[in-house]
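Presented below is the structure to which this report refers.
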Amino acid sequence: MDECAELGIMKRKPERIARANVKNNDFVGTFMSANEANSLLAAAALPLAVSAKGRLGYALGSRLSDGSCKSQSDYTADLAVLKDTSTIVRTYSNVDGGDESGPKCYVPGALLPAAKAAGFQVILGVWADTQAAFDLDVSELMKVASEYKSTIYAVTVGSESLYRYEQDKSTGLSVDDLKSRIQSFQSTLKNAGLTFKVGTADSWNKYQDGTADAIIPLVDILLVNAFGYWQGQQITNASATYLDDLQQAYGKIQSVAGSTTSIELWNGETGWPTTGGTNYGAATAGTKEAYYFWKQGVCAALDWDFNVFYFEAFDEPWKPASKGLDGHDAVETVWGAYNADRSPKFDDYSCKYLVPDSS
């Protein structure tokens with residue numbers, strides 16, 4: 001029996017794993033020539049000698065290393081580490097484990113008091129794959145929504161629902177179903193007299209290729225996930241690919257919206273697996289490579305005034321061995337910017353210095 005089954009925890013964190021099914025040749029024109037990439041990064045590197053302008057956040061897990069649920073004090077300890085670089089985190093569900101039997105983590109009641117005390121804001125995720133999970137997540141959020149309305153920055157309904165549904169109809173949501181769930185949650189808020197920014201999070205290519213067009217007019221905020229790693233890029237080209245993918249997605253969203261300001265845009269996830277992770281194509285897992293991507297990719301995006309959520313804050317060794325939708329190994333335990341014990345992986349987390357040598 002694998003660890004997840006032994007703990008009774010559902011295997012439902014496919015946000016990262018699913019990306020392994022995106023192939024480089026799926027998106028003609030996505031990848032720049034070497035000259036284009038070098039020009040883009042040369043322009044991005046120069047401003048890194050000054051402080052970043054965008055807002056940095058972290059994807060924050062709900063479980064400890066052994067798979068047990070975090071308490072308020074655990075979140076307090078998490079945020080004490082993250083406060084040096086951030087004041088915002090995002091989650092994926094309000095009841096982690098809510099659509100399967102087994103231990104469930106009730107996130108808002110533990111996280112939001114810790115976040116409020118630490119001066120953090122939170123983008124809460126509503127897991128929406130099934131009606132039961134959606135109803136449970138909304139119910140748990142609404143228990144505390146009024147009390148912590150100043151701490152809740154926004155709410156995302158669904159996590160890469162469109163991307164995962166395209167790959168496997170047994171997971172994720174169709175456009176119509178996602179639209180329905182978003183509208184349902186918006187009605188719940190309205191009936192409660194509450195106003196939060198509401199949106200969704202999905203892979204960059206589902207915005208770029210028009211799949212999400214029907215969602216765009218409904219929302220206040222969109223999270224766009226983009227990874228040079230999951231495009232199988234060498235570390236020296238990964239940042240250029242990442243930034244180009246973001247620009248394509250943002251451009252399409254703003255074109256459909258008819259405005260550059262009506263929808264708040266965030267890079268919902270980006271990152272790089274550290275030592276112990278799996279390679280993907282030409283992308284090599286390693287702490288040195290992750291640090292390089294942090295300095296060259298994340299810092300460049302921040303300097304260009306993109307808001308970025310790094311996936312993820314801390315390693316999650318409780319996660320079982322995983323495979324992507326294409327069968328490729330996709331270890332998801334070592335994507336943290338920090339180790340599971342909250343100790344740092346990188347020598348420097350600032351964006352005040354020029355990018356390190358990749359060699």
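In the structure tokens, chains take the letters A, B, ... in the order shown, each chain's residues start at 1, and ligands count up from 1 in the order shown.
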
For this session: Just the residues within 12 Å of Gly199 (chain A), please, counting only C-alpha atoms, with nothing from its chain fewer than 2 positions along; format it as a PyMOL selection string.
Result: chain A and resi 123-126+153-160+178-179+181-183+185-186+196-197+201-202+212+215-224+263-266+268

Problem set entry | Shell of 9 Å around Lys252 (chain A), only C-alpha atoms, local chain residues under 2 positions omitted, as a PyMOL selection string | chain A and resi 207-210+213+247-250+254-257

Problem set entry | Selection: 8 Å around Leu64 (chain A), only C-alpha atoms, excl. self and same-chain fewer than 5 positions, as a PyMOL selection string | chain A and resi 69-70+316+318+340

Seminar exercise, completed: Closest of A:Asp315, A:Asp66, A:Asp244, A:Asp177 to Ser343 (chain A), counting only C-alpha atoms, is A:Asp315

Exercise. Looking at only C-alpha atoms, which of A:Trp204, A:Trp294, A:Phe306, A:Tyr75 is the one that sits closest to Pro273 (chain A)?
Worked result: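 For Pro273 (chain A), the nearest of the candidates is A:Trp294.
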
Problem set entry | In region 140-264 of chain A, DSSP alpha helix (DSSP H) residues written as JSON, numbers by chain | {"A": [140, 141, 142, 143, 144, 161, 162, 163, 164, 165, 166, 167, 175, 176, 177, 178, 179, 180, 181, 182, 183, 184, 185, 186, 187, 188, 189, 190, 191, 204, 205, 206, 207, 208, 235, 236, 237, 238, 239, 240, 241, 242, 243, 244, 245, 246, 247, 248, 249, 250, 251, 252, 253, 254, 255, 256, 257]}

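If only C-alpha atoms are the atoms counted, then among A:Gly336, A:Gly228, A:Gly193, A:Pro320 the closest residue to Phe293 (chain A) is A:Gly228.
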
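The closest residue to Ile88 (chain A), picked from A:Tyr148, A:Tyr310, A:Tyr242, A:Tyr106 and counting only C-alpha atoms, is A:Tyr310.
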
Problem set entry | Option closest in space to Gly67 (chain A), from A:Trp127, A:Thr85, A:Ala118, A:Asp96 [counting only C-alpha atoms] |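 For Gly67 (chain A), the nearest of the candidates is A:Asp96.
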